[in-house]
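*Asks:* Let me begin by handing over the structure; questions about it come next.
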Protein chains: 2
Amino acid sequence: MLALSHGTPVPYFQSKGAADFAPLFLRQPTEIARAGATLFFEGDVAKSVFRIASGNVRVCRLLPDGRRIITGFLAAGDLIGLSFRNKYLFSAEAIDDLTFSRIGKRLLEEELQLVPEFRVHLLSHLRDEITAAQDHMLLLSHKNAEQRLCTFLLQRVELAGGRDGGVLALPMVRADIADHLGMTIETVSRTLTRLVSKGVLLPADRHQFKVASRAALARAADEEPDDDDEVARERRYAGRRF
Amino acid sequence: MLALSHGTPVPYFQSKGAADFAPLFLRQPTEIARAGATLFFEGDVAKSVFRIASGNVRVCRLLPDGRRIITGFLAAGDLIGLSFRNKYLFSAEAIDDLTFSRIGKRLLEEELQLVPEFRVHLLSHLRDEITAAQDHMLLLSHKNAEQRLCTFLLQRVELAGGRDGGVLALPMVRADIADHLGMTIETVSRTLTRLVSKGVLLPADRHQFKVASRAALARAADEEPDDDDEVARERRYAGRRF
DNA sequence: CGGGCCCTTGAAGGCCCTCAACGGAGGTGG
DNA sequence: CCACCTCCGTTGAGGGCCTTCAAGGGCCCG
């Protein structure tokens, strides 16, 4: 279960899915953090990689003027901090109460030297991060408020494995969503309200919605505001390709 | 010159700078491409990694509706395609006439198995990509047109090693800049004009400017539009931190 | 009950996009 | 050599989307 024997070739550019570093953390003690606690700050010397057992984490960076961007939200099973050099590139804060474990840089290095599989997992993880970052750049540069929010909601539905009747959990506050999607809290609020009034969402409480129509959500996430015909779409394609 | 002997431990999370894969490409033949040519398309099966010898490349992704984002511009010495899984994540197109070489996935795999240093370089490269992507997300989510353009121009000045009197080269067309910064070509044009009239830039031709005041450029890249005092800045900081 | 935090809603304004027209540069063919 | 075309860049006018500023309500806790 743990590893291939030394010297066995392991392809670095394979098509495998998400990395699985779980075995590395099996022997590490479980720690806890309260809502609002900071696991580490952007710029801190990186000593450990973290793995979330339960709870939610926001990962964020700050501009010199204090504005903030949340590069992502993490939950149970996710890893934090694999993309550091010797300092962390971002801060990690607990959204709600958290249980997690950590593995020291030193031990991680040793495991990577010994176990080729982990090196491949590491690469796979970094590529996933790059892909996610690029997708997010697309969202930020070209999508409007409703598309951004629907894209985000859809992601949360999918990683929860939810179906149409499923409940959509938004453990973070509106300001977190806003700073993730490059919007203001007012626009987040207004857009959520609009989605409810359109019948796409059904409000449960502040942090939970039911998805009335996942199809409508998907449509709103990727497409033009409305009445968008295939002709116009093809025309734009043609204009770009050459 | 080529590598450490097998088994020598190489730290994976060290602080080294940009990766140096140049030795891998020394034996590869040089190829050429005309301006406008496409090295590979997003979604193509990834067979090779490329290294630019001369010329400029744009790296881009497309939305389903045909809108485009240019994730970055590459020049001599840069590598393309290291972050693929088994398909390319983006397209790469020649901006001007290009010379480059490539190394096959197969051979690259072998080198990575044999030479620990290259594995470290690969990680370092991927982390650089993640860092750049996050910086760009910051730009796209929170900066206005002038800040975006100044940030971009400043990057180009710095990678050219230019001083105040240096010439700023913009080999790409305005549409490329627009799709990189999440703007329209009109806004790019208007903002450039404004920077010229402010005396920050001096126009040479369409694709070259002189930077009259690099300090002004840096100020405009990161700060508030204008007359921004420290008091206001500290106030915003305080508002965010708690 | 008062205070703080979070969320919502309204009103006004600004920034940037959209649409449109024009001019220059470069290439091609008459 | 010039007419013509296309691509690229600039500039102007108008409008829409989102931000900013402001107020108010719900919830929790001391």
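Simple scheme: letters A, B, ... for chains in structure tokens order, numbers from 1 for residues in each chain, numbers from 1 for ligands in the order shown.
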Using only C-alpha atoms (C1' of nucleotides), which residues sit within 8 Å of segment 195-211 of chain B once same-chain residues fewer than 6 positions away are excluded, as a PyMOL selection string?

*Replies:* chain B and resi 164-173+217

*Asks:* Would you mind exporting N, CA and C atoms of the selected residues as a compact mmCIF listing (two decimals), in the first residue's frame?

*Replies:*
```txt
# COMPACT_ATOMS: atom_id res chain seq x y z
N ASP B 164 15.77 53.28 -16.12
CA ASP B 164 14.79 54.32 -16.41
C ASP B 164 14.79 54.73 -17.88
N GLY B 165 15.96 54.83 -18.44
CA GLY B 165 16.03 55.27 -19.82
C GLY B 165 15.79 54.14 -20.81
N GLY B 166 15.58 52.94 -20.29
CA GLY B 166 15.47 51.77 -21.15
C GLY B 166 14.26 51.80 -22.06
N VAL B 167 14.33 51.02 -23.08
CA VAL B 167 13.22 50.90 -24.01
C VAL B 167 12.36 49.71 -23.63
N LEU B 168 11.06 49.96 -23.64
CA LEU B 168 10.09 48.94 -23.27
C LEU B 168 9.50 48.33 -24.53
N ALA B 169 9.75 47.04 -24.72
CA ALA B 169 9.28 46.37 -25.93
C ALA B 169 7.95 45.67 -25.69
N LEU B 170 6.99 45.92 -26.58
CA LEU B 170 5.70 45.25 -26.52
C LEU B 170 5.44 44.57 -27.86
N PRO B 171 6.07 43.42 -28.07
CA PRO B 171 5.97 42.78 -29.39
C PRO B 171 4.56 42.32 -29.72
N MET B 172 3.74 42.11 -28.71
CA MET B 172 2.39 41.62 -28.97
C MET B 172 1.46 42.75 -29.40
N VAL B 173 0.35 42.39 -30.02
CA VAL B 173 -0.62 43.41 -30.44
C VAL B 173 -1.49 43.80 -29.24
N LEU B 217 5.75 54.63 -12.69
CA LEU B 217 5.14 53.38 -13.17
C LEU B 217 4.87 52.45 -11.99
```

*Asks:* List as a list in words the protein and nucleic acid residues near Gln155 of chain A, meaning an atom at most 12 Å away when only C-alpha atoms (C1' of nucleotides) are counted, but skip any in the same chain fewer than 5 places from it.

*Replies:*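 Contacts, with the query itself left out: Gly72, Phe73, Ala132, Asp135, His136, Arg148, Leu149, Cys150, Ala160, Gly161, Gly162, Leu168, Ala169, Leu170, Arg214, Leu217, Ala218 and Ala221 of chain A.
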
*Asks:* For those residues, write N, CA and C atoms to a file as an mmCIF file, in the first residue's frame.

*Replies:*
```cif
data_model
loop_
_atom_site.group_PDB
_atom_site.id
_atom_site.type_symbol
_atom_site.label_atom_id
_atom_site.label_comp_id
_atom_site.auth_asym_id
_atom_site.auth_seq_id
_atom_site.Cartn_x
_atom_site.Cartn_y
_atom_site.Cartn_z
ATOM 1 N N GLY A 72 -8.614 30.257 -2.712
ATOM 2 C CA GLY A 72 -9.433 29.067 -2.699
ATOM 3 C C GLY A 72 -9.906 28.692 -1.310
ATOM 4 N N PHE A 73 -10.859 27.772 -1.285
ATOM 5 C CA PHE A 73 -11.358 27.224 -0.027
ATOM 6 C C PHE A 73 -10.998 25.747 0.023
ATOM 7 N N ALA A 132 -6.372 25.017 -11.656
ATOM 8 C CA ALA A 132 -7.400 25.746 -10.918
ATOM 9 C C ALA A 132 -7.148 27.247 -10.996
ATOM 10 N N ASP A 135 -8.167 28.488 -14.420
ATOM 11 C CA ASP A 135 -9.615 28.576 -14.524
ATOM 12 C C ASP A 135 -10.126 29.808 -13.791
ATOM 13 N N HIS A 136 -9.524 30.071 -12.656
ATOM 14 C CA HIS A 136 -9.979 31.212 -11.874
ATOM 15 C C HIS A 136 -9.631 32.531 -12.556
ATOM 16 N N ARG A 148 -19.879 34.452 -12.276
ATOM 17 C CA ARG A 148 -18.882 34.125 -11.263
ATOM 18 C C ARG A 148 -19.498 33.349 -10.118
ATOM 19 N N LEU A 149 -20.596 33.881 -9.625
ATOM 20 C CA LEU A 149 -21.211 33.244 -8.470
ATOM 21 C C LEU A 149 -21.721 31.843 -8.827
ATOM 22 N N CYS A 150 -22.342 31.698 -9.989
ATOM 23 C CA CYS A 150 -22.859 30.395 -10.389
ATOM 24 C C CYS A 150 -21.723 29.399 -10.601
ATOM 25 N N ALA A 160 -19.180 18.450 -3.448
ATOM 26 C CA ALA A 160 -19.992 17.822 -2.415
ATOM 27 C C ALA A 160 -20.705 16.587 -2.964
ATOM 28 N N GLY A 161 -20.550 16.361 -4.264
ATOM 29 C CA GLY A 161 -21.205 15.216 -4.891
ATOM 30 C C GLY A 161 -22.717 15.321 -4.872
ATOM 31 N N GLY A 162 -23.205 16.551 -4.780
ATOM 32 C CA GLY A 162 -24.629 16.747 -4.600
ATOM 33 C C GLY A 162 -25.435 16.532 -5.879
ATOM 34 N N LEU A 168 -26.586 22.939 -0.642
ATOM 35 C CA LEU A 168 -25.338 23.623 -0.958
ATOM 36 C C LEU A 168 -24.845 24.360 0.281
ATOM 37 N N ALA A 169 -23.675 23.956 0.782
ATOM 38 C CA ALA A 169 -23.143 24.559 1.999
ATOM 39 C C ALA A 169 -22.162 25.664 1.665
ATOM 40 N N LEU A 170 -22.363 26.822 2.291
ATOM 41 C CA LEU A 170 -21.442 27.943 2.142
ATOM 42 C C LEU A 170 -20.963 28.374 3.528
ATOM 43 N N ARG A 214 -30.002 22.510 -11.023
ATOM 44 C CA ARG A 214 -28.566 22.479 -11.282
ATOM 45 C C ARG A 214 -28.268 22.839 -12.728
ATOM 46 N N LEU A 217 -28.159 26.467 -13.074
ATOM 47 C CA LEU A 217 -26.925 26.950 -12.473
ATOM 48 C C LEU A 217 -25.771 26.804 -13.472
ATOM 49 N N ALA A 218 -25.697 25.646 -14.083
ATOM 50 C CA ALA A 218 -24.621 25.389 -15.046
ATOM 51 C C ALA A 218 -24.751 26.321 -16.243
ATOM 52 N N ALA A 221 -23.591 29.731 -15.336
ATOM 53 C CA ALA A 221 -22.166 29.804 -14.998
ATOM 54 C C ALA A 221 -21.302 30.076 -16.219
#
```

*Asks:* Write down, as a PDB file with C-alpha atoms, in the first residue's frame, each residue of chain B that has any atom within 12 Å of an atom of chain C, counting only C-alpha atoms (C1' of nucleotides).

*Replies:*
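Writing done, so here's part39.pdb:
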```
ATOM      1  CA  LYS B 143      -6.797  46.399  -9.921  1.00  0.00           C
ATOM      2  CA  ASN B 144      -8.214  49.010 -12.255  1.00  0.00           C
ATOM      3  CA  ALA B 145      -7.190  49.546 -15.844  1.00  0.00           C
ATOM      4  CA  GLU B 146      -4.249  51.820 -15.127  1.00  0.00           C
ATOM      5  CA  GLY B 182      -8.885  41.351 -18.781  1.00  0.00           C
ATOM      6  CA  MET B 183      -9.557  44.571 -20.647  1.00  0.00           C
ATOM      7  CA  THR B 184     -10.664  45.643 -24.120  1.00  0.00           C
ATOM      8  CA  ILE B 185      -8.302  46.899 -26.783  1.00  0.00           C
ATOM      9  CA  GLU B 186      -9.942  50.302 -26.540  1.00  0.00           C
ATOM     10  CA  THR B 187      -9.218  50.561 -22.844  1.00  0.00           C
ATOM     11  CA  VAL B 188      -5.647  49.423 -23.375  1.00  0.00           C
ATOM     12  CA  ARG B 190      -6.815  54.821 -23.930  1.00  0.00           C
ATOM     13  CA  THR B 191      -4.783  53.912 -20.858  1.00  0.00           C
ATOM     14  CA  ASP B 205       6.472  53.242 -32.220  1.00  0.00           C
ATOM     15  CA  ARG B 206       3.483  50.965 -31.773  1.00  0.00           C
ATOM     16  CA  PHE B 242      -9.690  41.293  12.179  1.00  0.00           C
TER      17      PHE B 242
END
```

*Asks:* For atom CA of Arg34 of chain B and atom CA of Phe152 of chain B, quote the distance in Å rounded to one decimal.

*Replies:* 25.4 Å

*Asks:* Taking only C-alpha atoms (C1' of nucleotides) into account and nothing else, which residues of chain D lie no more than 9 Å away from chain B? Please answer as a ChimeraX atom specification.

*Replies:* /D:8-11

*Asks:* Using only C-alpha atoms, can you tell me which of B:Ala220, B:Ala46, B:Ala212, B:Leu114 comes closest to Leu89 of chain B?

*Replies:* B:Ala46

*Asks:* If you run DSSP on the backbone, which residues of segment 41-191 of chain B are alpha helix (DSSP H), as a VMD selection string?

*Replies:* chain B and resid 105 to 114 116 to 142 145 to 159 174 to 181 185 to 191

*Asks:* As a ChimeraX atom specification, please: every residue in segment 18-205 of chain B that a backbone DSSP assignment puts in strand (DSSP E).

*Replies:* /B:31-33,38-40,48-54,57-62,68-74,79-80,91-94,98-104,167-169,201-205

*Asks:* My list of candidates is B:Glu158, B:Asp97, B:Asp65, B:Asp128. Which is closest to chain A when distances are computed with only C-alpha atoms?

*Replies:*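 Going through B:Glu158, B:Asp97, B:Asp65, B:Asp128 one by one, the smallest distance to chain A is for B:Asp65.
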
*Asks:* Near Thr71 of chain A, within 9 Å and counting only C-alpha atoms (C1' of nucleotides), which residues show up once chain neighbours fewer than 4 positions away are dropped, as a ChimeraX atom specification?

*Replies:* /A:58-61,90,133,136,179-181 /B:134,137-138

*Asks:* Generate the output file for the selected residues, C-alpha atoms, as a compact mmCIF listing (two decimals), in the first residue's frame.

*Replies:*
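Everything below was put into selection25.txt:
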```txt
# COMPACT_ATOMS: atom_id res chain seq x y z
CA ARG A 58 -9.63 29.88 3.37
CA VAL A 59 -6.37 30.56 1.56
CA CYS A 60 -5.65 34.21 0.91
CA ARG A 61 -3.17 36.81 -0.19
CA PHE A 90 -0.29 32.79 1.13
CA ALA A 133 -5.55 29.05 -10.92
CA HIS A 136 -9.98 31.21 -11.87
CA ASP A 179 -12.83 38.34 -2.09
CA HIS A 180 -12.68 34.99 -3.84
CA LEU A 181 -14.71 36.13 -6.83
CA GLN B 134 -1.80 33.99 -8.06
CA MET B 137 -5.45 36.69 -10.00
CA LEU B 138 -4.74 39.59 -7.68
```

*Asks:* Just the number, please: distance in Å from atom CA of Asp78 of chain A to atom CA of Ile130 of chain B, one decimal.

*Replies:*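 Here the two named atoms are 17.2 Å from each other.
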
*Asks:* If you count only C-alpha atoms (C1' of nucleotides), which residues fall within 12 Å of Glu111 of chain A, apart from same-chain ones fewer than 5 positions away, as number ranges by chain?

*Replies:* A: 2-3, 6, 21, 23-25, 103-106, 116-119, 121-122; B: 9, 11-12

*Asks:* Would you kindly return, as a PDB file with all heavy atoms, in the first residue's frame, each protein, DNA or RNA residue with an atom no farther than 8 Å from any atom of Gly36 of chain A, considering only C-alpha atoms (C1' of nucleotides) and excluding same-chain residues fewer than 2 positions away?

*Replies:*
```pdb
ATOM      1  N   ARG A  34      -9.469  26.862  16.342  1.00  0.00           N
ATOM      2  CA  ARG A  34     -10.769  27.505  16.438  1.00  0.00           C
ATOM      3  C   ARG A  34     -11.071  28.316  15.181  1.00  0.00           C
ATOM      4  O   ARG A  34     -10.150  28.742  14.493  1.00  0.00           O
ATOM      5  CB  ARG A  34     -10.805  28.448  17.653  1.00  0.00           C
ATOM      6  CG  ARG A  34     -10.862  27.755  18.991  1.00  0.00           C
ATOM      7  CD  ARG A  34     -12.221  27.089  19.185  1.00  0.00           C
ATOM      8  NE  ARG A  34     -12.308  26.393  20.467  1.00  0.00           N
ATOM      9  CZ  ARG A  34     -12.516  27.018  21.633  1.00  0.00           C
ATOM     10  NH1 ARG A  34     -12.623  28.337  21.654  1.00  0.00           N
ATOM     11  NH2 ARG A  34     -12.616  26.332  22.747  1.00  0.00           N
ATOM     12  N   THR A  38      -5.376  31.393  12.483  1.00  0.00           N
ATOM     13  CA  THR A  38      -4.518  31.381  11.292  1.00  0.00           C
ATOM     14  C   THR A  38      -3.485  30.262  11.412  1.00  0.00           C
ATOM     15  O   THR A  38      -2.744  30.201  12.392  1.00  0.00           O
ATOM     16  CB  THR A  38      -3.795  32.728  11.154  1.00  0.00           C
ATOM     17  OG1 THR A  38      -4.757  33.769  11.013  1.00  0.00           O
ATOM     18  CG2 THR A  38      -2.889  32.723   9.936  1.00  0.00           C
ATOM     19  N   GLU A  93      -6.381  30.391   6.858  1.00  0.00           N
ATOM     20  CA  GLU A  93      -7.175  30.704   8.049  1.00  0.00           C
ATOM     21  C   GLU A  93      -8.341  29.739   8.184  1.00  0.00           C
ATOM     22  O   GLU A  93      -8.972  29.366   7.190  1.00  0.00           O
ATOM     23  CB  GLU A  93      -7.712  32.142   7.944  1.00  0.00           C
ATOM     24  CG  GLU A  93      -6.618  33.187   7.791  1.00  0.00           C
ATOM     25  CD  GLU A  93      -7.179  34.557   7.421  1.00  0.00           C
ATOM     26  OE1 GLU A  93      -8.423  34.686   7.401  1.00  0.00           O
ATOM     27  OE2 GLU A  93      -6.385  35.472   7.165  1.00  0.00           O
ATOM     28  N   ALA A  94      -8.628  29.381   9.425  1.00  0.00           N
ATOM     29  CA  ALA A  94      -9.764  28.491   9.692  1.00  0.00           C
ATOM     30  C   ALA A  94     -11.065  29.265   9.555  1.00  0.00           C
ATOM     31  O   ALA A  94     -11.228  30.326  10.159  1.00  0.00           O
ATOM     32  CB  ALA A  94      -9.641  27.907  11.092  1.00  0.00           C
ATOM     33  N   ILE A  95     -11.975  28.747   8.756  1.00  0.00           N
ATOM     34  CA  ILE A  95     -13.289  29.377   8.614  1.00  0.00           C
ATOM     35  C   ILE A  95     -14.176  28.979   9.784  1.00  0.00           C
ATOM     36  O   ILE A  95     -14.859  29.798  10.372  1.00  0.00           O
ATOM     37  CB  ILE A  95     -13.943  28.961   7.278  1.00  0.00           C
ATOM     38  CG1 ILE A  95     -13.186  29.606   6.126  1.00  0.00           C
ATOM     39  CG2 ILE A  95     -15.419  29.325   7.259  1.00  0.00           C
ATOM     40  CD1 ILE A  95     -13.666  29.163   4.769  1.00  0.00           C
ATOM     41  N   ASP A  96     -14.170  27.701  10.086  1.00  0.00           N
ATOM     42  CA  ASP A  96     -14.894  27.197  11.253  1.00  0.00           C
ATOM     43  C   ASP A  96     -13.916  26.362  12.083  1.00  0.00           C
ATOM     44  O   ASP A  96     -12.728  26.339  11.788  1.00  0.00           O
ATOM     45  CB  ASP A  96     -16.121  26.377  10.813  1.00  0.00           C
ATOM     46  CG  ASP A  96     -15.802  25.521   9.592  1.00  0.00           C
ATOM     47  OD1 ASP A  96     -14.612  25.173   9.408  1.00  0.00           O
ATOM     48  OD2 ASP A  96     -16.719  25.209   8.832  1.00  0.00           O
TER      49      ASP A  96
END
```
